[in-house]
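Pasted below: run.cif, mmCIF, C-alpha atoms and all ligand atoms.
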data_my_file
loop_
_atom_site.label_atom_id
_atom_site.label_comp_id
_atom_site.auth_asym_id
_atom_site.auth_seq_id
_atom_site.Cartn_x
_atom_site.Cartn_y
_atom_site.Cartn_z
CA MET A 1 -139.21 194.10 -58.79
CA MET A 2 -142.62 193.55 -60.30
CA ASP A 3 -144.24 190.15 -60.04
CA LYS A 4 -144.02 187.77 -63.00
CA GLN A 5 -141.59 189.99 -64.83
CA ILE A 6 -140.65 188.68 -68.26
CA HIS A 7 -136.91 188.42 -68.80
CA LEU A 8 -135.62 188.96 -72.31
CA TRP A 9 -132.44 187.81 -73.95
CA ALA A 10 -131.43 188.49 -77.53
CA PHE A 11 -129.67 185.68 -79.40
CA LEU A 12 -128.03 187.60 -82.21
CA GLN A 13 -125.93 184.97 -83.91
CA GLY A 14 -125.25 185.83 -87.50
CA ILE A 15 -128.04 187.46 -89.41
CA GLY A 16 -131.13 185.87 -87.96
CA PHE A 17 -133.02 182.68 -87.20
CA PHE A 18 -134.21 181.70 -90.66
CA PRO A 19 -131.52 180.41 -93.00
CA SER A 20 -133.07 182.57 -95.74
CA GLY A 21 -133.38 185.61 -93.44
CA TRP A 22 -130.21 187.19 -94.76
CA MET A 23 -131.93 187.73 -98.14
CA HIS A 24 -134.76 189.71 -96.57
CA GLU A 25 -134.95 193.34 -97.64
CA ARG A 26 -134.53 194.46 -94.02
CA ALA A 27 -131.51 192.25 -93.37
CA ASN A 28 -127.96 193.56 -93.47
CA PRO A 29 -125.75 190.55 -94.19
CA ALA A 30 -122.66 192.67 -94.92
CA GLY A 31 -123.03 194.26 -91.48
CA VAL A 32 -122.10 191.13 -89.55
CA PHE A 33 -118.45 191.92 -90.06
CA SER A 34 -118.68 195.58 -89.02
CA MET A 35 -118.58 197.25 -85.62
CA ASP A 36 -121.24 199.77 -86.70
CA TYR A 37 -123.70 196.90 -87.02
CA TYR A 38 -122.86 195.45 -83.59
CA ALA A 39 -123.01 198.89 -81.97
CA ARG A 40 -126.46 199.40 -83.46
CA VAL A 41 -127.91 196.06 -82.40
CA ALA A 42 -126.36 196.29 -78.91
CA LYS A 43 -128.01 199.68 -78.38
CA LEU A 44 -131.31 198.33 -79.72
CA ALA A 45 -131.22 195.44 -77.22
CA GLU A 46 -130.56 197.90 -74.41
CA GLN A 47 -133.36 200.16 -75.59
CA GLY A 48 -135.64 197.08 -75.49
CA MET A 49 -134.61 196.42 -71.84
CA PHE A 50 -133.15 193.02 -72.65
CA ASP A 51 -131.25 191.39 -69.79
CA ALA A 52 -128.57 190.19 -72.13
CA ILE A 53 -127.27 189.61 -75.61
CA VAL A 54 -126.17 186.03 -76.32
CA PHE A 55 -123.77 184.77 -78.96
CA GLY A 56 -123.21 181.13 -79.82
CA ASP A 57 -119.89 179.66 -80.78
CA GLN A 58 -118.78 177.67 -83.79
CA LEU A 59 -115.37 176.15 -83.50
CA GLN A 60 -115.56 174.10 -86.70
CA SER A 61 -114.20 176.85 -88.93
CA ARG A 62 -113.59 174.34 -91.69
CA GLY A 63 -115.90 171.37 -91.87
CA ALA A 64 -116.44 168.46 -94.20
CA GLY A 65 -115.54 169.12 -97.82
CA GLY A 66 -113.98 172.48 -96.99
CA ARG A 67 -117.42 174.00 -96.44
CA THR A 68 -117.58 176.63 -93.77
CA PRO A 69 -120.34 177.77 -91.39
CA GLU A 70 -120.12 181.16 -93.15
CA ARG A 71 -121.93 179.52 -96.04
CA MET A 72 -124.89 179.23 -93.72
CA ALA A 73 -124.50 182.92 -92.91
CA MET A 74 -123.22 182.05 -89.44
CA PRO A 75 -120.07 184.10 -89.21
CA THR A 76 -117.51 182.55 -86.94
CA LEU A 77 -116.54 185.74 -85.18
CA ASP A 78 -115.32 185.10 -81.67
CA PRO A 79 -118.21 185.75 -79.24
CA VAL A 80 -116.01 186.95 -76.35
CA SER A 81 -114.24 189.56 -78.50
CA LEU A 82 -117.50 190.70 -80.04
CA LEU A 83 -119.33 191.06 -76.74
CA THR A 84 -116.39 192.84 -75.13
CA ALA A 85 -116.51 195.33 -78.02
CA MET A 86 -120.27 195.71 -77.52
CA ALA A 87 -119.66 196.48 -73.83
CA ALA A 88 -117.97 199.70 -74.92
CA VAL A 89 -121.13 201.11 -76.51
CA THR A 90 -123.66 200.03 -73.83
CA LYS A 91 -124.11 200.49 -70.08
CA HIS A 92 -126.59 197.92 -68.84
CA VAL A 93 -127.25 195.04 -71.18
CA GLY A 94 -125.60 191.74 -70.16
CA LEU A 95 -123.13 189.97 -72.43
CA VAL A 96 -123.41 186.17 -72.58
CA ALA A 97 -120.72 184.40 -74.60
CA THR A 98 -120.91 180.72 -75.48
CA VAL A 99 -117.57 179.04 -74.86
CA SER A 100 -116.75 175.34 -74.88
CA THR A 101 -115.28 173.51 -71.89
CA THR A 102 -114.04 170.77 -74.21
CA TYR A 103 -111.65 173.00 -76.13
CA ASN A 104 -110.55 175.64 -73.59
CA THR A 105 -108.53 175.39 -70.43
CA PRO A 106 -109.86 176.86 -67.17
CA GLU A 107 -106.96 179.34 -67.25
CA MET A 108 -107.94 180.64 -70.69
CA LEU A 109 -111.58 180.87 -69.67
CA ALA A 110 -110.81 182.67 -66.41
CA GLU A 111 -108.69 185.24 -68.19
CA ARG A 112 -111.05 185.91 -71.11
CA PHE A 113 -114.19 186.17 -68.96
CA GLY A 114 -112.26 188.07 -66.28
CA THR A 115 -111.42 190.65 -68.93
CA MET A 116 -114.99 190.86 -70.18
CA GLU A 117 -116.28 191.11 -66.62
CA ARG A 118 -113.97 194.00 -65.72
CA ILE A 119 -114.29 195.91 -69.01
CA SER A 120 -118.10 195.70 -68.90
CA GLY A 121 -118.42 196.59 -65.21
CA GLY A 122 -119.96 193.23 -64.25
CA ARG A 123 -122.09 192.29 -67.22
CA ALA A 124 -120.41 189.03 -68.27
CA GLY A 125 -122.20 185.70 -68.64
CA TRP A 126 -120.78 182.36 -69.77
CA ASN A 127 -122.97 179.96 -71.75
CA ILE A 128 -121.16 176.75 -70.91
CA VAL A 129 -121.29 174.25 -73.77
CA THR A 130 -119.43 171.03 -74.34
CA THR A 131 -119.42 171.29 -78.18
CA ALA A 132 -121.60 168.88 -80.11
CA HIS A 133 -120.40 169.32 -83.69
CA PRO A 134 -117.99 166.53 -84.74
CA ASP A 135 -116.30 168.72 -87.36
CA THR A 136 -114.76 170.60 -84.43
CA ALA A 137 -112.43 167.79 -83.33
CA PRO A 138 -109.99 167.97 -86.31
CA ASN A 139 -109.45 171.67 -85.59
CA PHE A 140 -107.93 170.60 -82.26
CA GLY A 141 -105.83 167.77 -83.64
CA GLU A 142 -108.31 165.00 -82.82
CA ASP A 143 -110.39 162.65 -84.99
CA ASP A 144 -113.53 162.64 -82.90
CA LEU A 145 -115.21 164.48 -80.05
CA PRO A 146 -114.90 162.74 -76.68
CA PRO A 147 -118.13 160.85 -75.76
CA LYS A 148 -120.87 163.06 -74.31
CA ASP A 149 -120.72 161.78 -70.72
CA GLU A 150 -116.98 162.37 -70.71
CA ARG A 151 -117.46 165.90 -72.10
CA TYR A 152 -119.88 166.70 -69.26
CA ARG A 153 -117.58 165.16 -66.61
CA HIS A 154 -114.76 167.30 -67.91
CA ALA A 155 -117.05 170.36 -68.04
CA LYS A 156 -117.74 170.02 -64.30
CA GLU A 157 -114.01 170.06 -63.55
CA VAL A 158 -113.33 172.99 -65.88
CA VAL A 159 -116.12 175.12 -64.40
CA ALA A 160 -115.04 174.35 -60.82
CA LYS A 161 -111.42 175.24 -61.62
CA ALA A 162 -112.37 178.44 -63.46
CA CYS A 163 -114.46 179.47 -60.44
CA GLU A 164 -111.44 178.87 -58.18
CA LEU A 165 -109.37 181.10 -60.47
CA TRP A 166 -111.95 183.90 -60.33
CA ALA A 167 -112.03 183.61 -56.55
CA ALA A 168 -108.22 183.91 -56.57
CA MET A 169 -108.43 187.00 -58.81
CA ASP A 170 -110.85 188.50 -56.28
CA ARG A 171 -108.46 187.81 -53.39
CA GLU A 172 -105.43 189.14 -55.20
CA GLY A 173 -106.72 192.24 -56.97
CA PRO A 174 -109.64 194.63 -57.15
CA LEU A 175 -112.89 192.64 -56.77
CA LEU A 176 -114.53 191.34 -59.92
CA PRO A 177 -117.87 193.20 -60.05
CA GLN A 178 -119.94 189.99 -59.97
CA GLY A 179 -117.33 187.73 -58.41
CA ARG A 180 -117.58 185.62 -61.53
CA PRO A 181 -119.66 185.67 -64.72
CA VAL A 182 -123.27 184.49 -64.60
CA LEU A 183 -123.17 180.77 -65.45
CA VAL A 184 -125.51 179.78 -68.27
CA GLN A 185 -126.13 176.36 -69.82
CA ALA A 186 -127.87 175.02 -72.92
CA GLY A 187 -127.65 171.19 -72.85
CA GLN A 188 -130.79 169.14 -73.37
CA SER A 189 -129.88 165.52 -72.59
CA PRO A 190 -130.26 164.02 -69.09
CA ASP A 191 -126.50 164.60 -68.57
CA GLY A 192 -126.91 168.19 -69.75
CA ARG A 193 -129.90 168.80 -67.49
CA ASP A 194 -128.10 167.42 -64.42
CA PHE A 195 -125.13 169.59 -65.19
CA ALA A 196 -127.42 172.62 -65.57
CA ALA A 197 -129.18 171.79 -62.28
CA ARG A 198 -125.87 171.85 -60.40
CA THR A 199 -124.24 174.75 -62.15
CA ALA A 200 -126.45 177.09 -64.14
CA GLU A 201 -127.97 180.38 -63.04
CA ALA A 202 -129.81 180.64 -66.36
CA ILE A 203 -130.70 178.07 -69.00
CA PHE A 204 -131.22 178.53 -72.73
CA CYS A 205 -133.34 175.76 -74.27
CA PRO A 206 -135.66 175.01 -77.16
CA ALA A 207 -139.39 174.67 -76.35
CA ALA A 208 -141.62 174.42 -79.42
CA ASN A 209 -144.87 174.98 -77.50
CA ILE A 210 -146.15 175.94 -74.06
CA GLU A 211 -146.50 172.30 -72.93
CA ALA A 212 -142.88 171.57 -73.83
CA GLY A 213 -141.87 174.70 -71.89
CA VAL A 214 -143.82 173.65 -68.79
CA ASP A 215 -142.34 170.13 -68.97
CA PHE A 216 -138.77 171.38 -69.34
CA ARG A 217 -138.99 174.03 -66.64
CA SER A 218 -140.72 171.66 -64.17
CA ASP A 219 -138.11 168.98 -64.82
CA LEU A 220 -135.24 171.43 -64.32
CA ARG A 221 -136.77 172.91 -61.15
CA THR A 222 -137.13 169.40 -59.71
CA ARG A 223 -133.52 168.61 -60.56
CA ILE A 224 -132.33 171.95 -59.10
CA ALA A 225 -134.18 171.34 -55.82
CA ALA A 226 -132.81 167.78 -55.69
CA VAL A 227 -129.23 169.10 -55.55
CA GLY A 228 -130.15 171.50 -52.74
CA ARG A 229 -130.33 174.70 -54.79
CA ASP A 230 -133.22 177.20 -54.95
CA PRO A 231 -135.16 176.80 -58.24
CA ASP A 232 -136.12 180.49 -58.01
CA GLY A 233 -132.42 181.31 -58.36
CA VAL A 234 -132.32 179.96 -61.94
CA ARG A 235 -133.88 181.68 -64.98
CA ILE A 236 -135.18 179.43 -67.76
CA MET A 237 -135.16 181.18 -71.11
CA PRO A 238 -136.49 179.17 -74.09
CA GLY A 239 -135.81 180.37 -77.61
CA LEU A 240 -138.48 182.41 -79.38
CA SER A 241 -138.50 183.47 -82.98
CA CYS A 242 -141.24 185.53 -84.54
CA VAL A 243 -142.65 187.00 -87.71
CA LEU A 244 -145.03 189.88 -87.05
CA GLY A 245 -147.78 191.44 -89.15
CA GLY A 246 -150.63 193.94 -88.83
CA THR A 247 -153.00 190.95 -88.90
CA GLU A 248 -152.45 187.24 -88.36
CA GLU A 249 -152.89 186.63 -92.11
CA GLU A 250 -150.28 189.25 -92.88
CA ALA A 251 -147.84 187.62 -90.45
CA ARG A 252 -148.38 184.24 -92.13
CA ALA A 253 -147.83 185.81 -95.54
CA ASN A 254 -144.64 187.50 -94.26
CA HIS A 255 -143.44 184.13 -92.97
CA LEU A 256 -144.05 182.39 -96.30
CA ALA A 257 -142.28 185.23 -98.10
CA ILE A 258 -139.14 184.70 -95.98
CA LEU A 259 -139.21 180.93 -96.49
CA ASP A 260 -139.71 181.39 -100.23
CA LEU A 261 -136.44 183.30 -100.43
CA ALA A 262 -134.62 179.98 -99.99
CA ASP A 263 -134.00 177.73 -102.97
CA ASP A 264 -133.44 173.95 -102.78
CA ALA A 265 -129.67 174.35 -102.56
CA LEU A 266 -129.90 176.59 -99.47
CA ALA A 267 -132.49 174.32 -97.84
CA ILE A 268 -130.32 171.24 -98.41
CA GLU A 269 -127.23 173.05 -97.16
CA TYR A 270 -129.13 173.95 -94.00
CA LEU A 271 -130.39 170.39 -93.52
CA SER A 272 -126.82 169.14 -94.01
CA GLU A 273 -125.49 171.56 -91.42
CA SER A 274 -128.23 170.64 -88.94
CA LEU A 275 -127.66 166.90 -89.34
CA GLY A 276 -123.89 167.16 -89.57
CA CYS A 277 -124.08 165.14 -92.77
CA ASP A 278 -123.29 166.54 -96.22
CA LEU A 279 -126.27 166.07 -98.56
CA THR A 280 -125.38 168.79 -101.05
CA ALA A 281 -124.34 166.33 -103.78
CA PHE A 282 -127.78 164.66 -103.82
CA ASP A 283 -130.46 165.52 -106.37
CA PRO A 284 -133.16 167.76 -104.81
CA ALA A 285 -135.76 166.00 -106.97
CA GLY A 286 -134.55 162.55 -105.87
CA ALA A 287 -135.46 160.43 -102.86
CA ILE A 288 -134.29 161.31 -99.34
CA PRO A 289 -130.96 159.44 -98.88
CA VAL A 290 -132.05 157.83 -95.62
CA ASP A 291 -129.18 155.34 -95.36
CA THR A 292 -126.54 158.05 -95.80
CA ILE A 293 -128.24 160.27 -93.25
CA LEU A 294 -128.59 157.53 -90.62
CA ASP A 295 -125.04 156.42 -91.26
CA ARG A 296 -123.51 159.86 -90.78
CA THR A 297 -125.87 162.00 -88.67
CA ILE A 298 -124.61 163.59 -85.46
CA LEU A 299 -128.10 163.47 -83.94
CA PRO A 300 -129.68 160.47 -82.19
CA LYS A 301 -130.38 158.03 -85.05
CA ALA A 302 -133.72 156.80 -83.68
CA ASP A 303 -135.09 160.38 -83.53
CA ILE A 304 -133.89 161.07 -87.05
CA ALA A 305 -135.36 157.82 -88.38
CA ARG A 306 -138.70 158.75 -86.80
CA ALA A 307 -138.57 162.23 -88.39
CA ILE A 308 -137.58 161.02 -91.86
CA THR A 309 -139.48 157.77 -92.32
CA PRO A 310 -142.99 159.25 -92.91
CA ALA A 311 -141.62 161.58 -95.61
CA GLN A 312 -139.64 158.76 -97.19
CA GLU A 313 -142.72 156.49 -97.26
CA LYS A 314 -144.74 159.26 -98.93
CA GLY A 315 -142.01 159.62 -101.54
CA THR A 316 -141.24 163.25 -100.61
CA PRO A 317 -138.28 164.52 -102.66
CA LEU A 318 -135.16 165.61 -100.74
CA GLY A 319 -135.60 169.28 -101.76
CA ASP A 320 -139.18 169.41 -100.43
CA PHE A 321 -138.17 167.66 -97.22
CA ALA A 322 -135.34 170.15 -96.68
CA ALA A 323 -137.64 173.11 -97.41
CA ASN A 324 -140.14 171.81 -94.86
CA PHE A 325 -137.37 171.20 -92.30
CA MET A 326 -136.43 174.89 -92.56
CA ARG A 327 -139.90 175.91 -91.35
CA HIS A 328 -139.20 174.49 -87.89
CA PRO A 329 -135.54 175.21 -87.29
CA ARG A 330 -133.96 173.67 -84.22
CA GLY A 331 -137.18 172.97 -82.28
CA HIS A 332 -137.71 176.54 -81.07
CA ASN A 333 -141.04 178.32 -80.82
CA VAL A 334 -141.75 180.33 -83.98
CA PHE A 335 -144.58 182.79 -83.36
CA LEU A 336 -146.62 184.24 -86.24
CA GLY A 337 -149.13 187.00 -85.49
CA THR A 338 -149.69 190.58 -84.44
CA PRO A 339 -147.59 192.33 -81.77
CA GLU A 340 -150.61 192.18 -79.41
CA GLN A 341 -150.96 188.43 -79.94
CA MET A 342 -147.26 188.01 -79.33
CA ALA A 343 -147.37 189.94 -76.05
CA ASP A 344 -150.40 187.84 -74.98
CA MET A 345 -148.57 184.64 -75.84
CA MET A 346 -145.47 185.67 -73.90
CA ILE A 347 -147.53 186.56 -70.84
CA ALA A 348 -149.47 183.27 -71.10
CA TRP A 349 -146.22 181.24 -71.18
CA ARG A 350 -144.83 183.13 -68.22
CA ASP A 351 -148.03 182.73 -66.19
CA ALA A 352 -148.26 179.01 -67.01
CA GLY A 353 -144.75 178.42 -65.65
CA ALA A 354 -143.39 177.56 -69.10
CA CYS A 355 -140.45 179.97 -68.71
CA ASP A 356 -139.00 182.91 -66.81
CA GLY A 357 -138.59 184.82 -70.04
CA PHE A 358 -137.50 184.30 -73.63
CA THR A 359 -134.38 184.22 -75.72
CA LEU A 360 -135.51 186.15 -78.77
CA GLN A 361 -134.06 184.92 -82.03
CA PRO A 362 -135.07 187.48 -84.66
CA SER A 363 -135.98 185.93 -88.02
CA TYR A 364 -133.76 188.36 -89.85
CA MET A 365 -131.41 191.06 -88.62
CA PRO A 366 -131.58 193.83 -87.73
CA GLY A 367 -135.18 194.39 -89.01
CA GLY A 368 -136.67 191.61 -86.87
CA LEU A 369 -135.10 192.99 -83.68
CA GLU A 370 -136.22 196.54 -84.54
CA ASP A 371 -139.81 195.37 -85.01
CA PHE A 372 -139.83 193.53 -81.67
CA VAL A 373 -138.34 196.49 -79.78
CA GLU A 374 -140.68 199.01 -81.41
CA GLN A 375 -143.88 196.97 -81.47
CA VAL A 376 -143.85 194.32 -78.70
CA VAL A 377 -141.65 195.81 -75.96
CA PRO A 378 -144.00 198.81 -75.34
CA LEU A 379 -146.99 196.47 -75.03
CA LEU A 380 -145.22 194.33 -72.41
CA GLN A 381 -144.24 197.51 -70.56
CA GLN A 382 -147.79 198.91 -70.66
CA ARG A 383 -149.00 195.68 -69.09
CA GLY A 384 -146.41 195.95 -66.33
CA ARG A 385 -144.59 192.78 -67.41
CA LEU A 386 -141.34 194.31 -68.62
CA ARG A 387 -139.13 196.79 -66.81
CA THR A 388 -138.89 200.38 -68.04
CA GLU A 389 -135.43 200.84 -66.54
CA TYR A 390 -132.59 198.61 -65.44
CA PRO A 391 -132.49 197.82 -61.70
CA GLY A 392 -128.71 198.04 -61.30
CA SER A 393 -125.50 197.71 -63.17
CA THR A 394 -124.54 194.02 -63.14
CA LEU A 395 -126.08 191.15 -65.12
CA ARG A 396 -126.86 189.31 -61.89
CA GLU A 397 -128.84 192.33 -60.63
CA THR A 398 -130.65 192.59 -63.97
CA LEU A 399 -131.61 188.91 -63.75
CA GLY A 400 -132.77 189.41 -60.15
CA LEU A 401 -130.37 186.73 -58.91
CA PRO A 402 -128.52 186.60 -55.58
CA ALA A 403 -125.16 188.37 -55.70
CA ARG A 404 -123.08 185.22 -55.63
CA GLU A 405 -123.78 181.58 -55.25
CA ALA A 406 -121.29 178.83 -54.56
CA VAL A 407 -121.04 176.36 -57.46
CA ALA A 408 -121.91 172.84 -56.38
CA ALA A 409 -119.12 170.56 -57.56
C1 LIG A 501 -130.20 176.10 -77.44
C2 LIG A 501 -128.81 175.52 -77.59
C3 LIG A 501 -127.75 176.32 -78.06
C4 LIG A 501 -126.46 175.81 -78.21
N1 LIG A 501 -125.45 176.59 -78.70
C5 LIG A 501 -124.21 176.04 -78.90
C6 LIG A 501 -123.15 176.79 -79.46
O1 LIG A 501 -123.31 177.95 -79.80
N2 LIG A 501 -121.94 176.20 -79.64
C7 LIG A 501 -121.72 174.91 -79.30
O2 LIG A 501 -120.61 174.43 -79.47
N3 LIG A 501 -122.72 174.16 -78.78
C8 LIG A 501 -123.95 174.69 -78.58
N4 LIG A 501 -124.95 173.93 -78.05
C9 LIG A 501 -124.73 172.49 -77.77
C10 LIG A 501 -124.03 172.23 -76.50
O3 LIG A 501 -122.69 172.14 -76.87
C11 LIG A 501 -124.39 170.92 -75.80
O4 LIG A 501 -123.25 170.51 -75.21
C12 LIG A 501 -124.90 169.90 -76.76
O5 LIG A 501 -126.25 170.26 -76.97
C13 LIG A 501 -124.77 168.46 -76.27
O6 LIG A 501 -125.38 168.25 -75.06
P1 LIG A 501 -126.89 167.84 -74.85
O7 LIG A 501 -127.11 166.56 -75.58
O8 LIG A 501 -127.01 167.72 -73.38
O9 LIG A 501 -127.76 168.92 -75.42
C14 LIG A 501 -126.23 174.45 -77.89
C15 LIG A 501 -127.28 173.65 -77.42
C16 LIG A 501 -128.55 174.17 -77.26
C17 LIG A 501 -129.64 173.26 -76.75
#

Mind turning the file's structure into C-alpha cells?
Ligand SMILES: Cc1cc2nc3c(=O)[nH]c(=O)nc-3n(C[C@H](O)[C@H](O)[C@H](O)COP(=O)(O)O)c2cc1C
Amino acid sequence: MMDKQIHLWAFLQGIGFFPSGWMHERANPAGVFSMDYYARVAKLAEQGMFDAIVFGDQLQSRGAGGRTPERMAMPTLDPVSLLTAMAAVTKHVGLVATVSTTYNTPEMLAERFGTMERISGGRAGWNIVTTAHPDTAPNFGEDDLPPKDERYRHAKEVVAKACELWAAMDREGPLLPQGRPVLVQAGQSPDGRDFAARTAEAIFCPAANIEAGVDFRSDLRTRIAAVGRDPDGVRIMPGLSCVLGGTEEEARANHLAILDLADDALAIEYLSESLGCDLTAFDPAGAIPVDTILDRTILPKADIARAITPAQEKGTPLGDFAANFMRHPRGHNVFLGTPEQMADMMIAWRDAGACDGFTLQPSYMPGGLEDFVEQVVPLLQQRGRLRTEYPGSTLRETLGLPAREAVAA
C-alpha cells in the first residue's frame, strides 16, 4: 500500500451538508426515498475509491411540537436497511451504519450487523453512538436520556456483549468474513474519546481547521497508546464539506448562492434543530432569545453562551444570527476553492498528521459527490495519494487494518 494514502469516506445522510442544499439545481430531494438514487450514489462512491459510505441515525422520529427531522431534509430511513440494500449494487465499498447502544440490545445489534456483514461479503462497519438528542427518549418510553457518563458505561457493555455474540456466530456457523464489523466511533467529549481509544478502529470527528485536526488526532493517538493499542491501527477521519469552482472566486460565489437559497424560516429551523430548542415561533427580526436558548439547549450552556453573547451585544437579529450559523454547520471543515486547491489541502492535512483521510459530506446531493469524484479524485490518484483499485474485498482490508483485533473491555 502506498505511503500516506488518503482514506475517503462518504457521509451521505439526507441530501447534503448545507440545510439549503436540497434546493440546489443539482440536488435530487425526491430521490432520498428511492432505491435508484441510493444505487446511483453507492456506485459513485465506489467509482471514487471511497473506503466506505456512512449513514447517521436519527431515532427522534417525532420531536418537540410534532416537528420531524424530515423537515430538515434528514430522512429517517434506517441506515442498516439502506446500507444492506446498497451492498447489493456494489462490490467493494464499505458500509458504515450509525446505531445507538442506548436504544438497542446487543442481541439486536449482533443480528442486524451479522446480516449486513454476511450479505455484503465483509463490508460492514458500526458507527457506535450513544444518542445525544433528548427528543429520542420519549420514543422509547422515557422522559430523558440517561446521563452521558452512564450512556458511555452502558455502551462499553453493549459493545463487549455484541462482540461475544459475533464470536459465538463464528464458532457455530460459517465464519463471518471480518469476524465482526469494523468498529467506528464519533464522540467528542473526554468520555467519548476514552471510549474511542479503547474500542474504535476508525473515528469520525469534526475538525474545522488543520490545527484542530492535528490536536484531535494527537490526543486520540496518545489515548490509544495509553490503553496498550497501536495508534496506527486506528483511522481518524474528520468531516470535510466542499464547494468547488473553476476559480477560488467562483467557488465563493457558488457557496453564497447555496446559502442564499435559505430563507429566515429555514435558517431558524436549522438552528433550532442544532440546539435542540424550538425557536421557530420567534420573530426573525427580533432579538436572539438568549434566555430561552440557554434554558433549553442540549449543548453545553457555557459554549453556547460564548457563541451567542457577542451577537446579542451587537444587537444581531435572530434571523441574521441563524443565517450566519448555517455557514459553519456542525464545526466541520468547509473547503471553498478549485479542485487542485482541494487536493493540495487534503494532502497537506494528511502530511501534517491532521487525519488519516476525510469523511466527505457533499454540500448537496448527488451533484456535490459527482463533482468530487470527477474533479478531485483523479488529481489525488495522479499524485499517488489515492488508490486506483481496491486492495481486497473486506472493509478492514480496504482500511489497511489488521484482520481482527480483540476489543479491550
Ligand atoms: C461527527 C458526529 C456524528 C454523529 N452522528 C450521530 C448520529 O448519526 N446519531 C446519533 O444518535 N448520534 C450521533 N452523534 C453523537 C453521538 O451520539 C455521541 O454519543 C454524542 O456526540 C455524545 O457524546 P460526546 O459528547 O462524547 O460527543 C454524532 C457525533 C459526532 C461527533

Test item: which residues lie within 10 Å of (-127.7, 169.0, -88.5) counting all atoms listed in the file, as a PyMOL selection string: chain A and resi 133+269-278+293+297-299+330

In Å to one decimal, how far is atom CA of Asp143 of chain A from atom CA of Glu111 of chain A? 28.2 Å

Counting all atoms listed in the file, write as a ChimeraX atom specification all protein and nucleic acid residues lying at most 9 Å from (-143.1, 182.4, -85.2) in the file's frame. /A:240-244,251-252,255,332-337,363

Quick one, how far is atom CA of Thr292 of chain A from atom CA of Arg306 of chain A? 15.1 Å

For a quick check of understanding, using only C-alpha atoms and all ligand atoms, which of A:Ala88, A:Ala124, A:Ala225, A:Ala132 has the smallest distance to ligand LIG 501 (chain A)? A:Ala132

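Using only C-alpha atoms and all ligand atoms, residues with at least one atom at most 7 Å away from any atom of ligand LIG 501 (chain A) are Phe55, Gly56, Asp57, Gln58, Leu59, Thr98, Ser100, Val129, Thr130, Thr131, Ala132, His133, Lys148, Ala186, Gly187, Gln188, Ser189, Pro190, Asp191, Gly192, Arg193, Phe204, Cys205 and Pro206 of chain A.
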
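Between His92 of chain A and the residues A:Gly319, A:Gly392, A:Pro362, A:Pro106, the shortest atom-to-atom distance, using all atoms listed in the file, involves A:Gly392.
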
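Each of A:Val184, A:His328, A:Leu294, A:Phe113 was checked against Pro19 of chain A using all atoms listed in the file; the smallest atom-to-atom distance is that of A:His328.
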
Which distance in Å separates atom CA of Glu397 of chain A and atom CA of Gly228 of chain A, to one decimal? 22.3 Å

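Those residues that approach Ile210 of chain A to within 9 Å, counting all atoms listed in the file, are Asp215, Asn333, Ala348, Trp349, Ala352, Gly353, Ala354 and Cys355 of chain A; same-chain residues fewer than 5 positions away are not listed.
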
Residues within 10 Å of segment 114-123 of chain A, all atoms listed in the file, excluding chain neighbours under 2 positions, as a ChimeraX atom specification: /A:51-52,80-81,83-97,108-112,125,165-166,169,174-182,393-398

Take the residues that were just selected and, keeping C-alpha atoms, output them as a tab-separated table (two decimals), in the coordinates of the input.
chain	number	residue	atom	x	y	z
A	51	ASP	CA	-131.25	191.39	-69.79
A	52	ALA	CA	-128.57	190.19	-72.13
A	80	VAL	CA	-116.01	186.95	-76.35
A	81	SER	CA	-114.24	189.56	-78.50
A	83	LEU	CA	-119.33	191.06	-76.74
A	84	THR	CA	-116.39	192.84	-75.13
A	85	ALA	CA	-116.51	195.33	-78.02
A	86	MET	CA	-120.27	195.71	-77.52
A	87	ALA	CA	-119.66	196.48	-73.83
A	88	ALA	CA	-117.97	199.70	-74.92
A	89	VAL	CA	-121.13	201.11	-76.51
A	90	THR	CA	-123.66	200.03	-73.83
A	91	LYS	CA	-124.11	200.49	-70.08
A	92	HIS	CA	-126.59	197.92	-68.84
A	93	VAL	CA	-127.25	195.04	-71.18
A	94	GLY	CA	-125.60	191.74	-70.16
A	95	LEU	CA	-123.13	189.97	-72.43
A	96	VAL	CA	-123.41	186.17	-72.58
A	97	ALA	CA	-120.72	184.40	-74.60
A	108	MET	CA	-107.94	180.64	-70.69
A	109	LEU	CA	-111.58	180.87	-69.67
A	110	ALA	CA	-110.81	182.67	-66.41
A	111	GLU	CA	-108.69	185.24	-68.19
A	112	ARG	CA	-111.05	185.91	-71.11
A	125	GLY	CA	-122.20	185.70	-68.64
A	165	LEU	CA	-109.37	181.10	-60.47
A	166	TRP	CA	-111.95	183.90	-60.33
A	169	MET	CA	-108.43	187.00	-58.81
A	174	PRO	CA	-109.64	194.63	-57.15
A	175	LEU	CA	-112.89	192.64	-56.77
A	176	LEU	CA	-114.53	191.34	-59.92
A	177	PRO	CA	-117.87	193.20	-60.05
A	178	GLN	CA	-119.94	189.99	-59.97
A	179	GLY	CA	-117.33	187.73	-58.41
A	180	ARG	CA	-117.58	185.62	-61.53
A	181	PRO	CA	-119.66	185.67	-64.72
A	182	VAL	CA	-123.27	184.49	-64.60
A	393	SER	CA	-125.50	197.71	-63.17
A	394	THR	CA	-124.54	194.02	-63.14
A	395	LEU	CA	-126.08	191.15	-65.12
A	396	ARG	CA	-126.86	189.31	-61.89
A	397	GLU	CA	-128.84	192.33	-60.63
A	398	THR	CA	-130.65	192.59	-63.97

Go through A:Phe11, A:Tyr103, A:Tyr38, A:Phe50 one by one, measure the shortest atom-to-atom distance of each to Pro138 of chain A using only C-alpha atoms, and give the residue with the smallest value. A:Tyr103
